[in-house]
Structure formats: C-alpha cells, structure tokens
>>> print(open('target34.tsv').read())   # TSV, C-alpha atoms
chain	number	residue	atom	x	y	z
X	1	MET	CA	-107.46	55.85	-30.49
X	2	ARG	CA	-108.83	56.61	-33.95
X	3	ALA	CA	-105.32	56.36	-35.37
X	4	ASP	CA	-104.77	53.06	-33.55
X	5	LEU	CA	-108.02	51.67	-34.97
X	6	ARG	CA	-107.05	52.70	-38.50
X	7	ARG	CA	-103.64	51.05	-38.14
X	8	ALA	CA	-105.27	47.92	-36.70
X	9	TRP	CA	-107.64	47.71	-39.66
X	10	ARG	CA	-104.75	48.06	-42.13
X	11	ALA	CA	-102.69	45.44	-40.29
X	12	LEU	CA	-105.57	42.96	-40.32
X	13	ARG	CA	-106.24	43.54	-44.01
X	14	ALA	CA	-102.57	42.82	-44.71
X	15	ARG	CA	-103.02	39.26	-43.35
X	16	PRO	CA	-106.37	38.20	-44.90
X	17	ALA	CA	-106.00	34.46	-44.24
X	18	LEU	CA	-105.14	34.93	-40.57
X	19	THR	CA	-107.86	37.56	-40.12
X	20	LEU	CA	-110.47	35.34	-41.76
X	21	GLY	CA	-109.49	32.43	-39.51
X	22	LEU	CA	-109.79	34.61	-36.41
X	23	LEU	CA	-113.14	36.02	-37.48
X	24	LEU	CA	-114.63	32.60	-38.25
X	25	THR	CA	-113.33	31.11	-35.00
X	26	LEU	CA	-114.77	33.89	-32.87
X	27	ALA	CA	-118.02	34.16	-34.84
X	28	LEU	CA	-118.74	30.44	-34.49
X	29	GLY	CA	-117.96	30.50	-30.78
X	30	VAL	CA	-120.10	33.56	-30.07
X	31	GLY	CA	-122.93	32.55	-32.43
X	32	ALA	CA	-123.25	29.01	-31.08
X	33	ASN	CA	-123.30	30.33	-27.51
X	34	ALA	CA	-125.89	32.96	-28.32
X	35	ALA	CA	-128.14	30.31	-29.89
X	36	MET	CA	-127.65	27.87	-27.00
X	37	LEU	CA	-128.24	30.45	-24.28
X	38	GLY	CA	-131.27	31.78	-26.18
X	39	ALA	CA	-132.75	28.27	-26.15
X	40	LEU	CA	-131.99	27.86	-22.44
X	41	ASP	CA	-133.60	31.23	-21.74
X	42	ALA	CA	-136.79	30.19	-23.54
X	43	LEU	CA	-136.90	26.70	-22.03
X	44	LEU	CA	-135.95	27.44	-18.43
X	45	LEU	CA	-135.67	31.10	-17.54
X	46	ARG	CA	-138.26	33.17	-19.36
X	47	PRO	CA	-141.88	32.40	-18.44
X	48	PRO	CA	-144.19	31.45	-21.34
X	49	ALA	CA	-145.60	34.51	-23.11
X	50	GLY	CA	-149.03	35.65	-22.00
X	51	VAL	CA	-149.11	33.55	-18.80
X	52	ARG	CA	-149.83	35.36	-15.54
X	53	ASP	CA	-147.68	34.30	-12.57
X	54	ALA	CA	-146.17	31.34	-14.41
X	55	GLY	CA	-144.18	30.43	-11.30
X	56	GLY	CA	-147.45	29.61	-9.53
X	57	VAL	CA	-148.48	26.99	-12.13
X	58	VAL	CA	-147.15	23.42	-12.01
X	59	ARG	CA	-147.25	20.37	-14.26
X	60	ALA	CA	-148.36	16.98	-12.99
X	61	TYR	CA	-146.22	13.89	-13.59
X	62	VAL	CA	-146.84	10.31	-12.53
X	63	ARG	CA	-144.32	7.68	-11.45
X	64	GLN	CA	-145.89	4.30	-12.09
X	65	ARG	CA	-143.43	2.61	-9.71
X	66	PRO	CA	-141.04	3.84	-7.00
X	67	GLY	CA	-137.84	5.14	-8.53
X	68	GLY	CA	-139.29	5.10	-12.05
X	69	SER	CA	-139.06	7.95	-14.54
X	70	PRO	CA	-141.91	10.46	-14.27
X	71	GLN	CA	-144.17	10.77	-17.30
X	72	GLY	CA	-146.10	13.91	-18.12
X	73	VAL	CA	-148.81	12.28	-20.26
X	74	LEU	CA	-151.85	11.28	-18.20
X	75	GLY	CA	-155.40	10.02	-18.63
X	76	TYR	CA	-158.54	12.13	-18.55
X	77	PRO	CA	-160.09	10.35	-15.53
X	78	PHE	CA	-157.11	11.44	-13.41
X	79	PHE	CA	-157.54	15.04	-14.54
X	80	ASP	CA	-161.24	14.89	-13.78
X	81	ALA	CA	-160.56	13.45	-10.31
X	82	ALA	CA	-157.86	16.05	-9.62
X	83	ARG	CA	-159.98	19.07	-10.48
X	84	ARG	CA	-162.95	17.76	-8.51
X	85	ASN	CA	-161.28	16.38	-5.39
X	86	ALA	CA	-157.88	18.07	-4.92
X	87	ARG	CA	-158.44	20.48	-2.02
X	88	THR	CA	-154.93	21.93	-2.31
X	89	LEU	CA	-155.55	23.30	-5.82
X	90	ALA	CA	-157.01	26.63	-6.84
X	91	GLY	CA	-157.67	25.09	-10.24
X	92	ALA	CA	-156.56	22.49	-12.78
X	93	ALA	CA	-156.62	22.32	-16.56
X	94	ALA	CA	-155.68	19.91	-19.32
X	95	VAL	CA	-154.20	20.32	-22.80
X	96	TRP	CA	-153.84	17.83	-25.64
X	97	THR	CA	-151.59	18.23	-28.69
X	98	VAL	CA	-153.98	17.44	-31.52
X	99	GLY	CA	-151.39	17.93	-34.27
X	100	ASP	CA	-152.05	19.45	-37.68
X	101	VAL	CA	-155.73	19.75	-38.54
X	102	PRO	CA	-157.12	20.94	-41.91
X	103	VAL	CA	-158.82	24.32	-41.96
X	104	GLY	CA	-160.95	25.07	-45.01
X	105	ALA	CA	-163.01	23.08	-47.47
X	106	GLY	CA	-161.82	20.52	-50.00
X	107	ALA	CA	-158.52	21.04	-51.80
X	108	ALA	CA	-158.19	24.52	-50.31
X	109	ALA	CA	-157.87	23.13	-46.77
X	110	THR	CA	-154.61	24.04	-45.05
X	111	PRO	CA	-153.18	21.97	-42.15
X	112	VAL	CA	-152.38	24.06	-39.08
X	113	PRO	CA	-151.08	23.04	-35.63
X	114	ALA	CA	-153.85	22.80	-33.03
X	115	ARG	CA	-154.28	22.18	-29.31
X	116	ALA	CA	-157.39	21.01	-27.48
X	117	VAL	CA	-157.87	22.39	-23.97
X	118	SER	CA	-160.29	22.04	-21.11
X	119	GLY	CA	-162.55	24.95	-20.33
X	120	GLU	CA	-160.41	26.05	-17.36
X	121	PHE	CA	-157.19	26.36	-19.40
X	122	PHE	CA	-157.11	30.04	-20.35
X	123	GLY	CA	-158.53	31.21	-17.02
X	124	LEU	CA	-155.95	29.17	-15.07
X	125	LEU	CA	-153.10	30.75	-17.02
X	126	GLY	CA	-154.56	34.25	-16.75
X	127	ALA	CA	-154.40	34.67	-20.53
X	128	ARG	CA	-156.00	37.67	-22.25
X	129	PRO	CA	-157.39	37.84	-25.80
X	130	ALA	CA	-156.11	40.12	-28.55
X	131	ALA	CA	-159.64	40.17	-30.00
X	132	GLY	CA	-162.98	38.67	-28.97
X	133	ARG	CA	-162.78	36.28	-26.03
X	134	LEU	CA	-161.02	33.05	-25.04
X	135	LEU	CA	-162.47	29.60	-24.34
X	136	GLY	CA	-164.24	29.04	-21.03
X	137	PRO	CA	-165.95	26.16	-19.19
X	138	ALA	CA	-169.20	26.67	-21.13
X	139	ASP	CA	-167.36	26.07	-24.42
X	140	ASP	CA	-166.08	22.71	-23.16
X	141	ALA	CA	-169.58	21.31	-22.65
X	142	PRO	CA	-170.61	18.65	-25.20
X	143	GLY	CA	-173.43	19.23	-27.62
X	144	ALA	CA	-172.72	22.76	-28.88
X	145	PRO	CA	-174.01	23.13	-32.50
X	146	PHE	CA	-170.90	25.13	-33.47
X	147	PRO	CA	-167.86	24.42	-31.29
X	148	ALA	CA	-165.91	27.53	-30.34
X	149	VAL	CA	-162.37	28.02	-31.65
X	150	VAL	CA	-159.69	30.56	-30.75
X	151	LEU	CA	-157.10	31.57	-33.37
X	152	GLY	CA	-153.42	31.98	-32.60
X	153	TYR	CA	-152.26	35.56	-33.05
X	154	GLY	CA	-149.72	34.76	-35.78
X	155	TYR	CA	-152.23	32.65	-37.72
X	156	TRP	CA	-154.80	35.43	-37.44
X	157	ARG	CA	-152.34	37.88	-38.99
X	158	ARG	CA	-151.11	35.48	-41.71
X	159	ALA	CA	-154.38	33.89	-42.81
X	160	PHE	CA	-156.87	36.70	-42.11
X	161	GLY	CA	-154.74	39.83	-42.31
X	162	GLY	CA	-155.48	40.70	-38.69
X	163	ASP	CA	-159.12	41.45	-39.54
X	164	PRO	CA	-161.17	41.67	-36.30
X	165	ALA	CA	-164.29	40.80	-38.31
X	166	VAL	CA	-163.14	37.17	-38.36
X	167	VAL	CA	-164.58	36.85	-34.84
X	168	GLY	CA	-167.98	35.21	-35.28
X	169	ARG	CA	-167.10	33.52	-38.57
X	170	VAL	CA	-167.71	29.77	-38.93
X	171	LEU	CA	-164.68	27.80	-40.19
X	172	PRO	CA	-164.46	24.19	-41.44
X	173	VAL	CA	-161.96	22.51	-39.09
X	174	GLY	CA	-161.56	18.89	-40.17
X	175	PRO	CA	-164.98	17.24	-39.65
X	176	LEU	CA	-166.12	20.16	-37.46
X	177	ARG	CA	-167.65	23.51	-38.25
X	178	ALA	CA	-166.32	25.81	-35.56
X	179	ARG	CA	-167.18	29.41	-34.75
X	180	VAL	CA	-164.28	31.79	-34.12
X	181	VAL	CA	-164.83	33.44	-30.74
X	182	GLY	CA	-161.50	35.21	-30.28
X	183	VAL	CA	-157.77	35.58	-30.93
X	184	ALA	CA	-155.01	34.72	-28.46
X	185	SER	CA	-152.48	37.35	-27.42
X	186	PRO	CA	-149.21	37.79	-29.37
X	187	GLY	CA	-146.70	35.02	-28.66
X	188	PHE	CA	-149.11	32.97	-26.54
X	189	ALA	CA	-148.42	29.24	-27.02
X	190	GLY	CA	-149.90	27.91	-23.79
X	191	VAL	CA	-147.58	25.69	-21.78
X	192	ASP	CA	-145.05	24.79	-24.47
X	193	TYR	CA	-143.02	26.61	-27.10
X	194	ALA	CA	-144.35	25.15	-30.32
X	195	ARG	CA	-146.47	27.33	-32.57
X	196	VAL	CA	-150.22	26.96	-32.02
X	197	ASP	CA	-152.64	28.27	-34.65
X	198	LEU	CA	-155.92	26.88	-33.31
X	199	TRP	CA	-157.28	26.34	-29.80
X	200	LEU	CA	-160.24	23.95	-29.64
X	201	PRO	CA	-162.41	22.85	-26.70
X	202	MET	CA	-161.63	19.31	-25.63
X	203	ALA	CA	-165.28	18.22	-25.66
X	204	ALA	CA	-165.45	18.83	-29.43
X	205	ALA	CA	-161.89	17.98	-30.49
X	206	VAL	CA	-161.47	14.59	-28.81
X	207	PRO	CA	-164.45	12.84	-30.48
X	208	ALA	CA	-163.50	14.41	-33.82
X	209	PHE	CA	-159.75	13.76	-33.82
X	210	TYR	CA	-159.24	10.95	-31.25
X	211	PHE	CA	-162.03	8.69	-29.94
X	212	ASP	CA	-165.05	9.10	-27.65
X	213	GLY	CA	-163.83	6.62	-25.08
X	214	ALA	CA	-160.76	8.70	-24.26
X	215	PHE	CA	-162.74	10.62	-21.64
X	216	THR	CA	-163.53	7.48	-19.65
X	217	SER	CA	-160.53	5.24	-20.35
X	218	SER	CA	-158.09	5.17	-17.43
X	219	GLY	CA	-155.64	3.15	-19.53
X	220	SER	CA	-155.26	5.85	-22.22
X	221	TYR	CA	-152.57	8.43	-21.50
X	222	TRP	CA	-152.82	11.34	-23.91
X	223	LEU	CA	-153.02	14.73	-22.20
X	224	ASN	CA	-150.92	17.05	-20.03
X	225	VAL	CA	-152.32	18.27	-16.73
X	226	ILE	CA	-151.41	21.63	-15.20
X	227	ALA	CA	-152.57	23.08	-11.89
X	228	ARG	CA	-152.35	26.21	-9.79
X	229	PRO	CA	-151.88	25.27	-6.10
X	230	ARG	CA	-153.57	27.37	-3.45
X	231	ALA	CA	-151.41	30.11	-1.97
X	232	GLY	CA	-149.13	28.91	0.80
X	233	VAL	CA	-149.69	25.18	0.21
X	234	PRO	CA	-146.39	23.24	0.22
X	235	ALA	CA	-145.50	21.26	-2.89
X	236	ALA	CA	-145.42	18.04	-0.85
X	237	ARG	CA	-149.08	18.47	0.15
X	238	VAL	CA	-150.08	19.17	-3.46
X	239	ALA	CA	-148.26	16.03	-4.61
X	240	ALA	CA	-149.89	13.95	-1.87
X	241	ASP	CA	-153.34	15.26	-2.79
X	242	LEU	CA	-152.81	14.50	-6.49
X	243	THR	CA	-151.43	11.05	-5.64
X	244	ALA	CA	-154.59	10.28	-3.65
X	245	ALA	CA	-156.73	11.37	-6.61
X	246	TYR	CA	-154.71	9.21	-9.01
X	247	ARG	CA	-154.88	6.12	-6.82
X	248	ALA	CA	-158.62	6.58	-6.25
X	249	GLN	CA	-159.39	6.66	-9.95
X	250	ALA	CA	-156.97	3.75	-10.55
X	251	LEU	CA	-158.82	1.72	-7.91
X	252	ALA	CA	-162.12	2.45	-9.63
X	253	ALA	CA	-160.72	1.23	-12.97
X	254	ARG	CA	-158.67	-1.79	-11.94
X	255	SER	CA	-159.35	-3.63	-15.19
X	256	GLU	CA	-157.80	-0.83	-17.29
X	257	VAL	CA	-154.66	0.11	-15.38
X	258	PRO	CA	-151.54	-1.89	-14.40
X	259	PRO	CA	-151.78	-3.88	-11.14
X	260	ASP	CA	-149.13	-1.70	-9.48
X	261	ALA	CA	-151.02	1.55	-10.20
X	262	GLN	CA	-151.98	1.67	-6.52
X	263	ARG	CA	-148.32	2.30	-5.74
X	264	ALA	CA	-147.97	5.09	-8.29
X	265	THR	CA	-147.13	8.59	-7.08
X	266	VAL	CA	-147.84	11.96	-8.64
X	267	VAL	CA	-145.15	14.65	-8.50
X	268	THR	CA	-145.19	18.24	-9.69
X	269	GLY	CA	-142.67	20.29	-11.62
X	270	PRO	CA	-142.33	23.81	-13.03
X	271	LEU	CA	-144.50	24.93	-15.92
X	272	GLN	CA	-141.43	24.94	-18.19
X	273	GLU	CA	-141.44	21.34	-19.40
X	274	ALA	CA	-137.66	21.25	-19.95
X	275	ALA	CA	-137.12	21.76	-16.20
X	276	GLY	CA	-138.98	18.55	-15.34
X	277	PRO	CA	-140.01	17.52	-11.83
X	278	ALA	CA	-137.61	17.43	-8.91
X	279	GLY	CA	-135.28	14.45	-9.10
X	280	ASP	CA	-135.88	13.87	-12.81
X	281	THR	CA	-132.67	13.17	-14.72
X	282	THR	CA	-133.90	15.19	-17.71
X	283	ARG	CA	-133.44	18.34	-15.62
X	284	ARG	CA	-129.71	17.86	-16.04
X	285	LEU	CA	-129.86	18.14	-19.82
X	286	PRO	CA	-130.14	21.96	-19.97
X	287	LEU	CA	-127.28	22.23	-17.48
X	288	TRP	CA	-125.16	19.97	-19.67
X	289	LEU	CA	-126.03	22.11	-22.69
X	290	ALA	CA	-124.97	25.24	-20.81
X	291	ALA	CA	-121.67	23.58	-19.82
X	292	MET	CA	-121.08	22.47	-23.41
X	293	SER	CA	-121.68	25.99	-24.69
X	294	GLY	CA	-119.19	27.34	-22.15
X	295	ALA	CA	-116.63	24.74	-23.23
X	296	LEU	CA	-117.22	25.71	-26.86
X	297	LEU	CA	-116.62	29.37	-26.06
X	298	LEU	CA	-113.41	28.51	-24.20
X	299	ALA	CA	-112.24	26.41	-27.18
X	300	ALA	CA	-112.95	29.27	-29.58
X	301	ALA	CA	-111.14	31.74	-27.32
X	302	SER	CA	-108.10	29.45	-26.96
X	303	ASN	CA	-107.92	28.96	-30.74
X	304	ALA	CA	-108.10	32.71	-31.30
X	305	THR	CA	-105.45	33.23	-28.64
X	306	GLY	CA	-103.14	30.74	-30.38
X	307	LEU	CA	-103.54	32.54	-33.71
X	308	LEU	CA	-102.85	35.92	-32.10
X	309	LEU	CA	-99.77	34.57	-30.31
X	310	ALA	CA	-98.46	33.26	-33.64
X	311	ARG	CA	-99.08	36.70	-35.14
X	312	GLY	CA	-97.25	38.33	-32.22
X	313	LEU	CA	-94.21	36.13	-32.81
X	314	GLU	CA	-94.20	37.19	-36.45
X	315	ARG	CA	-94.14	40.84	-35.39
X	316	ARG	CA	-91.22	40.65	-32.95
X	317	ARG	CA	-88.94	42.61	-35.29
X	318	GLU	CA	-91.61	45.28	-35.87
X	319	THR	CA	-92.09	45.61	-32.11
X	320	ALA	CA	-88.33	45.90	-31.51
X	321	VAL	CA	-88.06	48.68	-34.10
X	322	ARG	CA	-90.94	50.60	-32.49
X	323	LEU	CA	-89.34	50.31	-29.07
X	324	ALA	CA	-85.97	51.46	-30.48
X	325	LEU	CA	-87.68	54.50	-32.00
X	326	GLY	CA	-89.04	55.46	-28.58
X	327	ALA	CA	-92.54	53.93	-28.49
X	328	ALA	CA	-93.74	53.37	-24.93
X	329	GLY	CA	-95.04	50.01	-23.80
X	330	ARG	CA	-98.49	51.47	-23.21
X	331	HIS	CA	-98.65	52.58	-26.87
X	332	LEU	CA	-97.89	49.05	-28.05
X	333	ALA	CA	-100.48	47.64	-25.65
X	334	ARG	CA	-103.05	50.15	-26.91
X	335	ALA	CA	-102.33	49.15	-30.51
X	336	ALA	CA	-102.81	45.48	-29.62
X	337	ALA	CA	-106.06	46.33	-27.83
X	338	ALA	CA	-107.25	48.21	-30.92
X	339	GLU	CA	-106.68	45.12	-33.07
X	340	GLY	CA	-108.59	43.02	-30.54
X	341	ALA	CA	-111.46	45.52	-30.56
X	342	VAL	CA	-111.69	45.49	-34.36
X	343	LEU	CA	-111.69	41.69	-34.40
X	344	ALA	CA	-114.29	41.45	-31.62
X	345	VAL	CA	-116.69	43.90	-33.29
X	346	ALA	CA	-116.31	42.30	-36.72
X	347	ALA	CA	-116.74	38.76	-35.34
X	348	GLY	CA	-119.78	39.85	-33.32
X	349	LEU	CA	-121.39	41.36	-36.41
X	350	LEU	CA	-120.59	38.23	-38.41
>>> encode(input="target34.tsv", output="structure tokens")
Amino acid sequence: MRADLRRAWRALRARPALTLGLLLTLALGVGANAAMLGALDALLLRPPAGVRDAGGVVRAYVRQRPGGSPQGVLGYPFFDAARRNARTLAGAAAVWTVGDVPVGAGAAATPVPARAVSGEFFGLLGARPAAGRLLGPADDAPGAPFPAVVLGYGYWRRAFGGDPAVVGRVLPVGPLRARVVGVASPGFAGVDYARVDLWLPMAAAVPAFYFDGAFTSSGSYWLNVIARPRAGVPAARVAADLTAAYRAQALAARSEVPPDAQRATVVTGPLQEAAGPAGDTTRRLPLWLAAMSGALLLAAASNATGLLLARGLERRRETAVRLALGAAGRHLARAAAAEGAVLAVAAGLL
C-alpha cells in the first residue's frame, strides 16, 4: 500500500492542472457542505450553550389573524399577563435586543452588543455564572441606585483579562451607571446565536434605551417571550392558555391594538428560532438549505468523477501494458484506490 501511495502521488504530480482541478472541486464541495451543516447544527440540532433542558423551553408567537404568519415580537403587557395568569407554565421570561450600547466614559466608550432581560430569564434557562451571580427578579425591580449588569464571558476575557475582581465594579453603560454582579458561562448567548457582551435588567434598560411607555403599551411589539411549560402539559393547552392571556390584555387595551386582536392566537415553537412554530413556512428554509448542500456535494462528486474518467481514458495504453506484463485486476484497482485516497485526504485538508 505504501508503494501504491507513492506511485499515486507521483502520478498526480505529473498532471498538475488536472490534479489542481480535482482538488479545488472536491475542496469546494466538502467545505461548503461542512459550513452549511455546521450552521444547521447550530440553528436546529444543538441546544443553545449553557441552557438546561432546552427542549423544555418554548418561544411564543402570535398570529394576528387566522392563517397569518406568526410573529415572534410581542408587547410587554402580553408577557406580564402570561407570567401572571398562565396556569400551564412553570415560568415565563422576556428578552429584548437592545443593540450596541457604549461602555465607558467619553471618547473611550466602546459599543458592545447588549440584551435586556426580565428577572426570570436566567433562572428559567437554568444558566450558571462563571463568576459572581446572574440577574434575578430583585434586579428587575425599578428604582435601584446602580442597576445590575452581567458580562458575557468573551467580553470579560477580552476587555478585563478574565479578572474576577471586576465583579462589584461600577461601569458607565450609556446613560446608566451599572454595577457588575457576575459573568455568564462560556458560550452562553441566551436564546439566540449572536454574541452578547452585556446583560441588563429590563427595568433599567428600557427607560434608558427605549421609552418608559413600552411597559404599558399594548400596541408596541419589541420583545421575545419564552416559557417553560409544566411537565406533562400538552402543547395545545399551553397555546390555548397563552391565547387567552393575549386576548384578555388586548380586550383591556382596545384603543391600542387592531380591532381583530380578539381573534389572534398564540402558538409555541422550539427554543431554536430557526425552527419556528409548527406550520410556519420558515421552518422549511433549513431543510431547503440541507437539500441544496446535498445537491452541491453531488455536483462536486460528479465533476470529480468526470475528470477521473477522462484521466482513465488517457491511461488506457498504460493499463493495457500493465495487464500484458501480468498485473492482476486487483492490483490496478488498488492503485486507483490509492490515487482516490491521496486526492480525498488532500482535498479534505484544503
């Protein structure tokens, strides 16, 4: 086999243009598939890092009219009604994508991506801190002199060198002065896959970076709601309970919501946002991406096969001479397999 591999390497070096074409074809096919399947794994298959029992957590979506597309951005009054009145839930939490907020004073301030969460957020997900503690319900109460803030693990390492003494320090965060109470676990990004450097309590972040009335406005849709249903409760009962909560708060705020809000329904879907709720057409997108990656791999393989067949036709005389000199068919097959192995390893490395 070693001799076959050496001969295969020499034969491939003797045809550099053909070898380069084969390597590029296979490398693009394998590399594109690896990237696509890696994205599908992160979006659909692998649970978010640092979340306990991610399969037991659902997202809430609302359909404003029968047959309409579900939307995952909801108003705070619905979240408040859901966590207070939904008997089928073990807990509910909300998260808002604040965007980039400046950390530091004056010209030295650096914008970092931040999320604002309700006090139940970290407890609902079963998250654990890498240092200090995480936000709790007491941190989400208005009126704290120094709002609490939790640092993302990567930001803690980049900006503070992983120094545990940063816990307790007061940082300028936009118009706020926030006290660092802890550091999230490595890789923890909550319920999505974007990098998060700061976690702020909603009671402090919304007045500072949005507007005070967001907590009471039923017509403002700006946050994502997640929930952990009670054990053994069917998804249909959870959806019915959330729908009742949504319609009740819509009825109480008739002047702020569309007239057909009383016919709206709330549905639930997996924690992975790319999966969407049942019946949502966006759930098909990852499946289409997987099919496209498979088609790309087949195209790359067929192109490589065509190039190898052309090379085989060029070597008919060489093969005939080897057979005339007594080479067995299995030896020729082994030599061809050696060339394929060299190409596969080289293309995989590339």
>>> closest_residue(input="target34.tsv", among="X:Asp80, X:Asp140, X:Asp192, X:Asp212", to="Tyr246 in chain X", atoms="all atoms listed in the file")
X:Asp80
>>> residues_around(input="target34.tsv", residues="Ala178 in chain X", least_positions_apart="2", cutoff="8 Å", atoms="only C-alpha atoms", output="compact mmCIF listing (two decimals) with C-alpha atoms, in the coordinates of the input")
# COMPACT_ATOMS: atom_id res chain seq x y z
CA PHE X 146 -170.90 25.13 -33.47
CA PRO X 147 -167.86 24.42 -31.29
CA ALA X 148 -165.91 27.53 -30.34
CA VAL X 149 -162.37 28.02 -31.65
CA VAL X 170 -167.71 29.77 -38.93
CA LEU X 171 -164.68 27.80 -40.19
CA PRO X 172 -164.46 24.19 -41.44
CA VAL X 173 -161.96 22.51 -39.09
CA LEU X 176 -166.12 20.16 -37.46
CA VAL X 180 -164.28 31.79 -34.12
>>> atom_distance(input="target34.tsv", atom1="CA of Ala250 in chain X", atom2="CA of Tyr221 in chain X")
12.7 Å
>>> residues_around(input="target34.tsv", residues="Val95 in chain X", least_positions_apart="2", cutoff="6 Å", atoms="all atoms listed in the file", output="number ranges by chain")
X: 116-117, 223-224
>>> residues_around(input="target34.tsv", residues="Trp9 in chain X", least_positions_apart="6", cutoff="9 Å", atoms="all atoms listed in the file", output="ChimeraX atom specification")
/X:338-339,342-343
>>> closest_residue(input="target34.tsv", among="X:Gly190, X:Pro66, X:Gly132, X:Ala299", to="Gly168 in chain X", atoms="all atoms listed in the file")
X:Gly132
>>> atom_distance(input="target34.tsv", atom1="CA of Ser118 in chain X", atom2="CA of Pro137 in chain X")
7.3 Å
>>> atom_distance(input="target34.tsv", atom1="CA of Arg15 in chain X", atom2="CA of Val345 in chain X")
17.6 Å
>>> residues_around(input="target34.tsv", residues="Ala253 in chain X", least_positions_apart="5", cutoff="10 Å", atoms="only C-alpha atoms", output="number ranges by chain")
X: 77, 216-219, 247-248, 258
>>> closest_atom_pairs(input="target34.tsv", of="range 154-229 of chain X", to="range 34-50 of chain X", cutoff="9 Å", atoms="all atoms listed in the file", output="CSV")
residue,atom,partner,partner_atom,distance
X:Ala184,CA,X:Gly50,CA,8.9
X:Ser185,CA,X:Gly50,CA,6.6
X:Pro186,CA,X:Gly50,CA,7.7
X:Gly187,CA,X:Ala49,CA,5.7
X:Phe188,CA,X:Ala49,CA,5.1
X:Ala189,CA,X:Ala49,CA,7.1
X:Gly190,CA,X:Pro48,CA,7.2
X:Val191,CA,X:Pro48,CA,6.7
X:Asp192,CA,X:Pro48,CA,7.4
X:Tyr193,CA,X:Pro48,CA,7.6
>>> write_last_selection(input="target34.tsv", atoms="C-alpha atoms", output="PDB file, keeping the file's coordinate frame")
ATOM      1  CA  ALA X 184    -155.010  34.720 -28.460  1.00  0.00           C
ATOM      2  CA  SER X 185    -152.480  37.350 -27.420  1.00  0.00           C
ATOM      3  CA  PRO X 186    -149.210  37.790 -29.370  1.00  0.00           C
ATOM      4  CA  GLY X 187    -146.700  35.020 -28.660  1.00  0.00           C
ATOM      5  CA  PHE X 188    -149.110  32.970 -26.540  1.00  0.00           C
ATOM      6  CA  ALA X 189    -148.420  29.240 -27.020  1.00  0.00           C
ATOM      7  CA  GLY X 190    -149.900  27.910 -23.790  1.00  0.00           C
ATOM      8  CA  VAL X 191    -147.580  25.690 -21.780  1.00  0.00           C
ATOM      9  CA  ASP X 192    -145.050  24.790 -24.470  1.00  0.00           C
ATOM     10  CA  TYR X 193    -143.020  26.610 -27.100  1.00  0.00           C
TER      11      TYR X 193
END
>>> closest_residue(input="target34.tsv", among="X:Val196, X:Ala94, X:Leu350, X:Ala328", to="Val58 in chain X", atoms="only C-alpha atoms")
X:Ala94
>>> closest_residue(input="target34.tsv", among="X:Leu332, X:Leu298, X:Ala131, X:Val51", to="Asp163 in chain X", atoms="only C-alpha atoms")
X:Ala131
>>> closest_residue(input="target34.tsv", among="X:Arg322, X:Arg177, X:Arg84, X:Arg63", to="Thr243 in chain X", atoms="all atoms listed in the file")
X:Arg63
>>> closest_residue(input="target34.tsv", among="X:Ala203, X:Leu242, X:Leu297, X:Ala337", to="Val62 in chain X", atoms="all atoms listed in the file")
X:Leu242
>>> residues_near_point(input="target34.tsv", point="(-148.5, 41.5, -33.1)", cutoff="8 Å", atoms="all atoms listed in the file", output="list in words")
Tyr153, Gly154, Arg157 and Pro186 of chain X
>>> decode(input="target34.tsv", residues="range 322-337 of chain X", atoms="N, CA and C atoms", output="short mmCIF file (atom, residue, chain, number, x, y, z; two decimals), in the first residue's frame")
data_model
loop_
_atom_site.label_atom_id
_atom_site.label_comp_id
_atom_site.auth_asym_id
_atom_site.auth_seq_id
_atom_site.Cartn_x
_atom_site.Cartn_y
_atom_site.Cartn_z
N ARG X 322 0.33 -2.83 -18.42
CA ARG X 322 0.42 -3.47 -17.09
C ARG X 322 -0.25 -4.84 -17.09
N LEU X 323 -1.40 -4.92 -17.76
CA LEU X 323 -2.08 -6.22 -17.83
C LEU X 323 -1.25 -7.22 -18.63
N ALA X 324 -0.62 -6.75 -19.73
CA ALA X 324 0.21 -7.65 -20.55
C ALA X 324 1.42 -8.14 -19.78
N LEU X 325 1.92 -7.32 -18.85
CA LEU X 325 3.07 -7.72 -18.05
C LEU X 325 2.69 -8.59 -16.86
N GLY X 326 1.39 -8.88 -16.71
CA GLY X 326 0.97 -9.81 -15.67
C GLY X 326 0.33 -9.18 -14.45
N ALA X 327 0.05 -7.88 -14.47
CA ALA X 327 -0.60 -7.26 -13.31
C ALA X 327 -2.04 -7.77 -13.18
N ALA X 328 -2.42 -8.11 -11.96
CA ALA X 328 -3.78 -8.58 -11.72
C ALA X 328 -4.74 -7.39 -11.62
N GLY X 329 -6.01 -7.68 -11.90
CA GLY X 329 -7.01 -6.62 -11.83
C GLY X 329 -7.09 -5.98 -10.47
N ARG X 330 -6.89 -6.79 -9.41
CA ARG X 330 -6.98 -6.22 -8.07
C ARG X 330 -5.86 -5.24 -7.80
N HIS X 331 -4.67 -5.46 -8.45
CA HIS X 331 -3.57 -4.52 -8.26
C HIS X 331 -3.90 -3.17 -8.90
N LEU X 332 -4.51 -3.23 -10.10
CA LEU X 332 -4.89 -1.98 -10.76
C LEU X 332 -5.97 -1.24 -9.96
N ALA X 333 -6.91 -2.01 -9.42
CA ALA X 333 -7.96 -1.39 -8.60
C ALA X 333 -7.38 -0.76 -7.35
N ARG X 334 -6.37 -1.44 -6.76
CA ARG X 334 -5.75 -0.89 -5.55
C ARG X 334 -4.99 0.39 -5.86
N ALA X 335 -4.35 0.43 -7.04
CA ALA X 335 -3.63 1.64 -7.44
C ALA X 335 -4.60 2.80 -7.64
N ALA X 336 -5.76 2.50 -8.26
CA ALA X 336 -6.76 3.55 -8.45
C ALA X 336 -7.30 4.03 -7.11
N ALA X 337 -7.51 3.08 -6.19
CA ALA X 337 -8.00 3.46 -4.86
C ALA X 337 -6.98 4.32 -4.12
#
